[in-house]
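So this one's data06.tsv, TSV, C-alpha atoms:
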chain	number	residue	atom	x	y	z
A	1	MET	CA	5.14	-14.83	-36.95
A	2	ASP	CA	7.10	-13.44	-34.05
A	3	GLU	CA	5.73	-11.74	-30.96
A	4	ASN	CA	6.37	-8.22	-32.17
A	5	THR	CA	4.25	-8.82	-35.29
A	6	TRP	CA	1.36	-10.03	-33.13
A	7	ILE	CA	1.79	-7.07	-30.81
A	8	GLU	CA	1.78	-4.71	-33.80
A	9	LYS	CA	-1.45	-6.27	-35.09
A	10	VAL	CA	-3.09	-5.96	-31.67
A	11	LEU	CA	-2.06	-2.30	-31.48
A	12	GLN	CA	-3.54	-1.73	-34.93
A	13	GLY	CA	-6.91	-2.83	-33.55
A	14	ASP	CA	-7.03	-6.57	-34.10
A	15	PRO	CA	-7.76	-8.17	-30.69
A	16	ALA	CA	-7.84	-11.65	-32.26
A	17	ALA	CA	-4.08	-11.40	-32.77
A	18	PHE	CA	-3.76	-11.42	-29.00
A	19	GLU	CA	-5.04	-15.02	-29.02
A	20	SER	CA	-1.67	-16.20	-30.31
A	21	LEU	CA	0.12	-14.53	-27.40
A	22	VAL	CA	-2.36	-16.04	-24.93
A	23	GLY	CA	-1.92	-19.47	-26.52
A	24	LYS	CA	1.86	-19.23	-26.32
A	25	TYR	CA	2.11	-18.16	-22.68
A	26	GLN	CA	-1.03	-19.40	-20.92
A	27	ALA	CA	0.32	-22.72	-19.61
A	28	ARG	CA	3.61	-21.18	-18.44
A	29	LEU	CA	1.81	-18.29	-16.78
A	30	VAL	CA	-0.71	-20.55	-15.02
A	31	ALA	CA	2.12	-22.80	-13.81
A	32	PHE	CA	4.03	-19.79	-12.49
A	33	LEU	CA	0.98	-18.41	-10.70
A	34	TRP	CA	0.06	-21.85	-9.40
A	35	ASN	CA	3.46	-22.08	-7.73
A	36	LEU	CA	3.03	-18.57	-6.37
A	37	LEU	CA	-0.56	-18.90	-5.12
A	38	GLY	CA	-0.75	-22.61	-4.32
A	39	SER	CA	-4.16	-22.96	-5.96
A	40	GLY	CA	-5.04	-23.92	-9.52
A	41	GLU	CA	-8.30	-21.98	-9.58
A	42	ASP	CA	-6.66	-18.79	-8.30
A	43	ALA	CA	-3.81	-19.28	-10.76
A	44	ARG	CA	-6.21	-19.43	-13.74
A	45	ASP	CA	-8.15	-16.37	-12.52
A	46	ALA	CA	-4.95	-14.39	-11.96
A	47	ALA	CA	-3.58	-15.46	-15.36
A	48	GLN	CA	-6.78	-14.25	-17.08
A	49	ASP	CA	-6.51	-10.93	-15.25
A	50	ALA	CA	-2.85	-10.64	-16.21
A	51	PHE	CA	-3.62	-11.21	-19.90
A	52	ILE	CA	-6.43	-8.63	-19.83
A	53	GLN	CA	-4.14	-6.12	-18.09
A	54	ALA	CA	-1.41	-6.84	-20.64
A	55	TYR	CA	-3.88	-6.19	-23.48
A	56	ILE	CA	-5.01	-2.91	-21.91
A	57	LYS	CA	-1.45	-1.71	-21.30
A	58	LEU	CA	0.08	-3.09	-24.47
A	59	GLY	CA	0.59	0.45	-25.80
A	60	GLN	CA	2.98	1.11	-22.91
A	61	PHE	CA	5.07	-2.00	-23.62
A	62	ASP	CA	8.66	-1.21	-24.58
A	63	ARG	CA	9.35	-3.52	-27.49
A	64	SER	CA	13.08	-3.49	-26.87
A	65	ARG	CA	12.31	-5.55	-23.76
A	66	SER	CA	11.17	-9.16	-23.56
A	67	PHE	CA	7.40	-9.62	-23.74
A	68	ARG	CA	7.69	-12.63	-21.45
A	69	SER	CA	9.39	-10.57	-18.71
A	70	TRP	CA	6.76	-7.86	-19.01
A	71	LEU	CA	3.86	-10.34	-18.92
A	72	PHE	CA	5.29	-12.27	-15.98
A	73	ALA	CA	5.87	-9.01	-14.08
A	74	ILE	CA	2.18	-8.15	-14.52
A	75	ALA	CA	1.21	-11.68	-13.45
A	76	PHE	CA	3.45	-11.51	-10.38
A	77	ASN	CA	1.86	-8.24	-9.26
A	78	ARG	CA	-1.64	-9.66	-9.79
A	79	GLY	CA	-0.66	-12.76	-7.82
A	80	ILE	CA	0.75	-10.76	-4.91
A	81	ASP	CA	-2.39	-8.57	-4.87
A	82	LEU	CA	-4.55	-11.69	-4.76
A	83	LEU	CA	-2.51	-13.15	-1.90
A	84	ARG	CA	-2.84	-9.89	0.07
A	85	ARG	CA	-6.60	-9.79	-0.47
A	86	LYS	CA	-6.95	-13.42	0.60
A	87	ARG	CA	-4.82	-12.80	3.67
A	88	SER	CA	-6.97	-9.79	4.65
A	89	PHE	CA	-10.12	-11.82	4.07
A	90	HIS	CA	-8.93	-14.70	6.22
A	91	ARG	CA	-7.73	-12.31	8.91
A	92	PHE	CA	-11.14	-10.61	8.90
A	93	TRP	CA	-13.09	-13.84	9.14
A	94	GLY	CA	-10.61	-15.37	11.56
A	95	ARG	CA	-9.96	-18.56	9.70
A	96	GLU	CA	-7.17	-19.94	7.61
A	97	ALA	CA	-7.58	-21.47	4.19
A	98	SER	CA	-7.74	-25.19	4.54
A	99	ALA	CA	-6.45	-27.61	1.96
A	100	GLY	CA	-10.03	-28.83	1.50
A	101	ASP	CA	-11.06	-25.40	0.15
A	102	GLN	CA	-8.83	-25.78	-2.85
A	103	PRO	CA	-10.78	-26.81	-5.93
A	104	ALA	CA	-9.81	-29.78	-8.01
A	105	ALA	CA	-7.38	-28.97	-10.80
A	106	PRO	CA	-7.28	-30.39	-14.28
A	107	GLY	CA	-4.50	-32.60	-15.51
A	108	GLY	CA	-1.65	-33.98	-13.50
A	109	ALA	CA	-1.05	-30.80	-11.53
A	110	ALA	CA	-3.75	-31.73	-9.04
A	111	ALA	CA	-1.57	-34.61	-7.98
A	112	ILE	CA	1.22	-32.18	-7.09
A	113	GLU	CA	-1.00	-29.87	-5.12
A	114	ASP	CA	-2.69	-32.74	-3.30
A	115	SER	CA	0.57	-34.52	-2.55
A	116	PRO	CA	1.75	-34.14	1.03
A	117	ILE	CA	5.09	-32.82	-0.17
A	118	TRP	CA	3.55	-29.65	-1.63
A	119	GLY	CA	1.99	-28.33	1.54
A	120	GLN	CA	4.85	-29.59	3.65
A	121	VAL	CA	7.63	-28.12	1.56
A	122	LEU	CA	6.50	-25.31	-0.73
A	123	GLY	CA	4.06	-24.05	1.88
A	124	ARG	CA	7.06	-23.14	4.06
A	125	VAL	CA	8.62	-21.01	1.34
A	126	THR	CA	7.47	-17.37	0.98
A	127	PRO	CA	5.56	-16.30	-2.17
A	128	GLN	CA	8.57	-14.27	-3.37
A	129	GLU	CA	10.85	-17.26	-2.89
A	130	ARG	CA	8.39	-19.55	-4.70
A	131	SER	CA	8.27	-17.07	-7.59
A	132	VAL	CA	12.06	-17.03	-7.81
A	133	LEU	CA	12.15	-20.83	-7.77
A	134	ALA	CA	9.49	-21.10	-10.48
A	135	LEU	CA	11.17	-18.53	-12.71
A	136	LYS	CA	14.60	-20.07	-12.21
A	137	TYR	CA	13.70	-23.73	-12.58
A	138	ASN	CA	10.63	-23.63	-14.85
A	139	GLU	CA	11.46	-20.67	-17.04
A	140	GLY	CA	15.24	-20.88	-16.83
A	141	CYS	CA	15.58	-17.15	-16.12
A	142	GLU	CA	18.80	-15.58	-14.87
A	143	ALA	CA	18.89	-13.51	-11.67
A	144	ALA	CA	18.89	-10.19	-13.58
A	145	GLU	CA	15.78	-11.13	-15.55
A	146	ILE	CA	13.98	-12.39	-12.44
A	147	ALA	CA	14.87	-9.13	-10.68
A	148	ALA	CA	13.32	-7.16	-13.55
A	149	MET	CA	10.17	-9.29	-13.37
A	150	LEU	CA	9.73	-9.07	-9.61
A	151	GLY	CA	10.77	-5.43	-9.37
A	152	CYS	CA	13.66	-6.01	-6.97
A	153	SER	CA	17.45	-6.07	-7.07
A	154	GLU	CA	19.53	-8.94	-8.34
A	155	SER	CA	21.02	-9.51	-4.90
A	156	THR	CA	17.50	-9.81	-3.45
A	157	VAL	CA	16.76	-12.52	-6.00
A	158	ARG	CA	19.92	-14.36	-4.96
A	159	VAL	CA	18.95	-14.14	-1.28
A	160	HIS	CA	15.46	-15.45	-2.06
A	161	LEU	CA	17.00	-18.31	-4.01
A	162	LEU	CA	19.43	-19.21	-1.23
A	163	ASN	CA	16.70	-19.01	1.40
A	164	ALA	CA	14.34	-21.14	-0.66
A	165	ARG	CA	16.97	-23.79	-1.31
A	166	ARG	CA	17.91	-23.83	2.37
A	167	LYS	CA	14.31	-24.30	3.45
A	168	LEU	CA	13.65	-26.93	0.78
A	169	LYS	CA	16.74	-28.85	1.80
A	170	LYS	CA	15.60	-28.86	5.41
A	171	GLU	CA	12.01	-29.85	4.65
A	172	LEU	CA	12.87	-32.41	2.01
A	173	GLY	CA	15.52	-33.88	4.29
A	174	ALA	CA	12.88	-34.24	7.00
A	175	ALA	CA	10.66	-36.00	4.45
A	176	GLY	CA	13.52	-38.37	3.57
A	177	PHE	CA	14.11	-36.86	0.15
A	178	ALA	CA	17.53	-35.93	-1.22
A	179	PHE	CA	18.00	-32.39	-2.49
A	180	GLY	CA	20.58	-30.95	-4.85
A	181	GLN	CA	22.25	-34.27	-5.54
A	182	GLY	CA	22.03	-35.66	-9.04
A	183	LYS	CA	19.20	-35.41	-11.50
A	184	PRO	CA	15.69	-35.88	-10.12
A	185	GLU	CA	13.57	-38.60	-11.55
A	186	ALA	CA	9.98	-38.08	-12.64
A	187	GLY	CA	7.65	-39.56	-10.07
A	188	GLU	CA	10.16	-39.12	-7.30
A	189	VAL	CA	7.71	-36.94	-5.42
A	190	PRO	CA	6.05	-38.90	-2.65
B	1	MET	CA	26.72	-24.89	1.36
B	2	THR	CA	26.18	-21.41	2.73
B	3	CYS	CA	28.35	-20.15	5.57
B	4	LEU	CA	27.42	-20.18	9.24
B	5	TRP	CA	26.87	-16.41	9.23
B	6	PHE	CA	24.17	-16.75	6.57
B	7	GLU	CA	22.51	-19.47	8.64
B	8	LEU	CA	22.45	-17.06	11.57
B	9	LEU	CA	21.05	-14.28	9.40
B	10	CYS	CA	18.22	-16.58	8.32
B	11	ARG	CA	17.07	-16.77	11.94
B	12	ILE	CA	16.33	-13.03	12.15
B	13	PRO	CA	12.58	-12.91	12.68
B	14	VAL	CA	11.93	-9.58	10.91
B	15	ALA	CA	11.80	-10.38	7.19
B	16	GLY	CA	12.85	-6.92	5.98
B	17	ILE	CA	15.92	-6.75	8.22
B	18	GLN	CA	16.83	-10.32	7.42
B	19	LEU	CA	16.64	-9.65	3.69
B	20	ARG	CA	18.71	-6.45	3.92
B	21	MET	CA	21.45	-8.05	6.02
B	22	SER	CA	21.53	-11.19	3.88
B	23	ARG	CA	21.85	-9.06	0.76
B	24	ARG	CA	24.80	-7.18	2.24
B	25	HIS	CA	26.37	-10.45	3.35
B	26	LEU	CA	26.00	-11.97	-0.09
B	27	LEU	CA	27.97	-9.11	-1.63
B	28	ARG	CA	30.90	-9.75	0.73
B	29	CYS	CA	30.91	-13.53	1.17
B	30	PRO	CA	32.39	-15.40	-1.82
B	31	ARG	CA	31.18	-18.74	-0.49
B	32	CYS	CA	27.51	-17.73	-0.29
B	33	ARG	CA	27.76	-15.93	-3.62
B	34	GLN	CA	29.13	-19.04	-5.24
B	35	GLU	CA	26.35	-21.07	-3.66
B	36	SER	CA	23.71	-18.67	-5.01
B	37	GLU	CA	25.17	-19.01	-8.52
B	38	ARG	CA	25.42	-22.81	-8.33
B	39	ASP	CA	23.00	-24.57	-10.61
B	40	ALA	CA	21.60	-26.98	-8.05
B	41	SER	CA	18.96	-29.39	-9.23
B	42	LEU	CA	15.51	-29.21	-7.70
B	43	PRO	CA	13.21	-32.15	-7.04
B	44	PRO	CA	10.05	-32.00	-9.20
B	45	ILE	CA	7.92	-30.27	-6.61
B	46	LEU	CA	7.01	-27.27	-8.77
B	47	VAL	CA	3.94	-27.13	-10.98
B	48	THR	CA	5.23	-27.08	-14.55
B	49	ALA	CA	3.65	-25.82	-17.77
B	50	ASP	CA	3.36	-29.25	-19.36
B	51	ARG	CA	1.34	-30.47	-16.39
B	52	VAL	CA	-1.25	-27.69	-16.66
B	53	ALA	CA	-1.38	-27.40	-20.45
B	54	ALA	CA	-3.88	-30.23	-20.97
B	55	GLY	CA	-7.35	-28.77	-21.57
B	56	LEU	CA	-6.30	-25.26	-20.65
B	57	ASP	CA	-7.85	-22.50	-22.79
B	58	LEU	CA	-7.94	-19.04	-21.27
B	59	TRP	CA	-8.70	-17.22	-24.53
B	60	PRO	CA	-12.56	-17.23	-24.27
B	61	ALA	CA	-12.43	-15.64	-20.81
B	62	VAL	CA	-9.66	-13.24	-21.80
B	63	LYS	CA	-11.61	-12.26	-24.95
B	64	ARG	CA	-14.70	-11.51	-22.86
B	65	GLY	CA	-12.57	-9.31	-20.58
B	66	ILE	CA	-11.02	-7.51	-23.54
B	67	MET	CA	-14.42	-6.90	-25.15
B	68	ALA	CA	-15.82	-5.61	-21.87
B	69	HIS	CA	-12.92	-3.19	-21.74
B	70	ARG	CA	-13.35	-2.07	-25.37
B	71	GLU	CA	-17.12	-1.62	-25.04
B	72	PRO	CA	-17.86	-0.35	-21.56
B	73	ALA	CA	-21.33	-1.21	-20.33
B	74	ALA	CA	-23.84	1.58	-20.91
B	75	GLY	CA	-25.12	2.98	-17.65
B	76	PRO	CA	-26.74	6.10	-16.32
B	77	ASP	CA	-24.62	9.18	-16.97
B	78	VAL	CA	-23.68	9.89	-13.40
B	79	ALA	CA	-20.72	11.98	-12.43
B	80	PRO	CA	-18.22	9.86	-10.52
B	81	LEU	CA	-18.10	10.46	-6.82
B	82	PRO	CA	-14.90	11.98	-5.52
B	83	ALA	CA	-12.56	9.52	-3.94
B	84	ARG	CA	-12.99	8.95	-0.24
B	85	ARG	CA	-9.42	9.91	0.37
B	86	SER	CA	-9.96	13.40	-1.10
B	87	TRP	CA	-12.79	13.95	1.41
B	88	ARG	CA	-10.44	13.05	4.19
B	89	TRP	CA	-7.88	15.52	2.90
B	90	ALA	CA	-10.50	18.26	2.62
B	91	ALA	CA	-11.74	17.63	6.17
B	92	ALA	CA	-8.19	17.65	7.52
B	93	ALA	CA	-7.40	20.89	5.67
B	94	ALA	CA	-10.56	22.57	6.99
B	95	MET	CA	-9.75	21.50	10.55
B	96	ALA	CA	-6.17	22.77	10.22
B	97	SER	CA	-7.39	26.14	8.86
B	98	LEU	CA	-9.83	26.46	11.74
B	99	LEU	CA	-7.10	25.75	14.28
B	100	VAL	CA	-4.74	28.27	12.66
B	101	ALA	CA	-7.45	30.96	12.57
B	102	THR	CA	-8.36	30.34	16.24
B	103	GLY	CA	-4.72	30.46	17.25
B	104	LEU	CA	-4.15	33.74	15.40
B	105	TRP	CA	-7.24	35.27	16.93
B	106	ILE	CA	-6.13	34.30	20.46
B	107	LEU	CA	-2.64	35.65	19.74
B	108	LEU	CA	-3.95	39.01	18.49
B	109	GLN	CA	-6.34	39.29	21.42
B	110	GLY	CA	-3.48	38.79	23.87
B	111	LYS	CA	-1.35	41.56	22.25
B	112	HIS	CA	-4.14	44.19	22.06
B	113	PRO	CA	-6.43	43.78	25.01
B	114	GLY	CA	-8.50	46.77	23.85
B	115	PRO	CA	-9.72	49.91	25.68
B	116	LEU	CA	-11.08	49.64	29.19
B	117	PRO	CA	-14.78	50.27	29.48
B	118	GLU	CA	-15.51	53.93	30.20
B	119	PRO	CA	-17.88	54.87	32.99
B	120	PRO	CA	-21.20	56.03	31.66
B	121	ARG	CA	-21.14	59.75	31.08
B	122	ASP	CA	-24.84	60.38	31.49
B	123	ARG	CA	-24.92	59.19	35.09
B	124	PRO	CA	-26.03	62.14	37.26
B	125	SER	CA	-23.75	62.99	40.12
B	126	ALA	CA	-25.33	62.34	43.46
B	127	GLN	CA	-25.94	65.62	45.31
B	128	THR	CA	-27.52	66.31	48.62
B	129	ARG	CA	-28.71	69.68	49.89
B	130	LEU	CA	-27.23	70.05	53.31
B	131	CYS	CA	-28.33	73.42	54.69
B	132	SER	CA	-28.97	77.07	53.96
B	133	ALA	CA	-26.34	79.70	54.16
B	134	LYS	CA	-25.75	83.35	53.16
B	135	ILE	CA	-23.34	84.82	50.62
B	136	ALA	CA	-23.03	88.61	50.98
B	137	ASP	CA	-26.26	88.74	52.98
B	138	ARG	CA	-28.07	86.91	50.31
B	139	PRO	CA	-29.61	83.45	50.84
B	140	ALA	CA	-27.69	80.49	49.48
B	141	ARG	CA	-27.79	76.73	49.64
B	142	VAL	CA	-25.06	74.24	50.56
B	143	PHE	CA	-24.85	71.03	48.58
B	144	GLN	CA	-22.70	67.96	49.00
B	145	VAL	CA	-21.82	66.63	45.57
B	146	GLN	CA	-20.38	63.13	45.27
B	147	SER	CA	-17.54	63.14	42.79
B	148	ARG	CA	-17.10	60.26	40.29
B	149	ASN	CA	-13.97	59.55	42.24
B	150	PRO	CA	-15.30	57.74	45.31
B	151	ASP	CA	-12.46	59.19	47.42
B	152	ARG	CA	-13.62	62.77	46.88
B	153	THR	CA	-16.67	64.74	47.96
B	154	ILE	CA	-17.34	68.30	46.85
B	155	PHE	CA	-19.19	70.84	48.97
B	156	TRP	CA	-20.89	73.41	46.82
B	157	ILE	CA	-22.45	76.72	47.97
B	158	ALA	CA	-24.70	78.40	45.49
B	159	ARG	CA	-26.59	81.67	45.85
B	160	ASN	CA	-30.34	81.36	45.44
B	161	ASN	CA	-31.68	82.46	42.14
B	162	THR	CA	-33.19	85.88	42.78
B	163	ARG	CA	-35.81	85.47	40.02
B	164	SER	CA	-37.31	82.34	41.53
This structure in structure tokens:
Amino acid sequence: MDENTWIEKVLQGDPAAFESLVGKYQARLVAFLWNLLGSGEDARDAAQDAFIQAYIKLGQFDRSRSFRSWLFAIAFNRGIDLLRRKRSFHRFWGREASAGDQPAAPGGAAAIEDSPIWGQVLGRVTPQERSVLALKYNEGCEAAEIAAMLGCSESTVRVHLLNARRKLKKELGAAGFAFGQGKPEAGEVP
Amino acid sequence: MTCLWFELLCRIPVAGIQLRMSRRHLLRCPRCRQESERDASLPPILVTADRVAAGLDLWPAVKRGIMAHREPAAGPDVAPLPARRSWRWAAAAAMASLLVATGLWILLQGKHPGPLPEPPRDRPSAQTRLCSAKIADRPARVFQVQSRNPDRTIFWIARNNTRS
């Protein structure tokens, strides 16, 4: 069954049909939000919220558009809201989130988050730039599609991409890691 | 590689200005545009779906959220409080109305100062009997009457009432 059939079933009052959509997108959405938020726990919470919001607003979804773009746009907005709330909280309490506050993540992703390269490199890139990177390199989206997801212009996406690459090149170069040359090998991350 | 101008733009400390100028630059500079369209490879520093997929099941939590939305928790039937922002608007509107009314009142008072207070009419004029005199061989009295105008004094001679 394709997505539109599942969506139709959900709209006809069968919430169980939504399980298929959750199953299809949950890992990709959590990965996207993990790259945006920098925390596995926050990424799972935000992904749950995004799915619930998508269910609630499914009646407003224009089926001529891509469901993935729509879902990722909701997730991006939830992620940015969460980041703003966390920033306000830390500003109020006068402390910054330390790496030790991050909960342990399941699977191999914990290794990425705990690796020194993550905090050193991706931590220097803004949330918008991280989102563009994740959508470009994980999801294989084009600039126009990313722009639709993030609610900005195509040229803004290109600037974010250039900025992110520039920063990554600088940081990875400082860490003794080549960037943009040849295919990366698995396990190349220090 | 991006051009030197883009490198300079990246050093602008205000993010909004930097983004706007970089966007404009990207539309004009073929070198930076080509660089933005280049499919450069990225080291595996991003969290990918296959790394988080193991043991991930969001459906139970999502289902709970959906059910909570479909069947809202029964609670006391209390009318929702108006939003705090609407109170602020109401207070601001009341204050503005008060200021406008006060201003109008002051303005109207300045244009029509109103009638001057009249001197009390029932005040008796001060009179003093000065002396006796005669009018056509008949006894009379001389009074000094103080006019309401302080610059004037009236002397009054009246014949005595013959009946008294």
Which one of A:Glu139, A:Asp14, A:Asp81, A:Glu129 sits closest to Phe32 in chain A if you count only C-alpha atoms?
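Among the listed residues, the smallest separation from Phe32 in chain A belongs to A:Glu139.
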Check every residue of chain B for an atom within 8 Å of chain A, counting all atoms listed in the file, and provide those that qualify as a PyMOL selection string.
chain B and resi 10+19+22-23+26-27+35-37+40-59+61-62+65-66+69
Quick one, how far is CA of Gly140 in chain A from CA of Gln18 in chain B?
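Going from CA of Gly140 in chain A over to CA of Gln18 in chain B covers 26.5 Å.
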What does the distance between CA of Thr126 in chain A and CA of Lys57 in chain A come to in Å, to one decimal place?
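Straight-line distance from CA of Thr126 in chain A to CA of Lys57 in chain A works out to 28.7 Å.
One finds CA of Arg70 in chain B at 15.1 Å from CA of Ala17 in chain A.
Residues within 7 Å of Gln146 in chain B, counting all atoms listed in the file and excluding same-chain residues fewer than 5 positions away, are Ser125, Ala126, Gln127, Arg152, Thr153 and Ile154 of chain B.
In this comparison, which uses all atoms listed in the file, the residue of A:Arg85, A:Arg78, A:Glu3, A:Ala43 approaching Ser64 in chain A most closely is A:Glu3.
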I need the residue nearest Asp42 in chain A from this list: A:Ser88, A:Gly173, A:Ile80, A:Gln12. Use all atoms listed in the file for the distance.
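For Asp42 in chain A, the nearest of the candidates is A:Ile80.
For the choices A:Ala46, A:Ile146, A:Ala75, A:Val10, the atom-to-atom distance to Leu58 in chain A is smallest for A:Val10 when using all atoms listed in the file.
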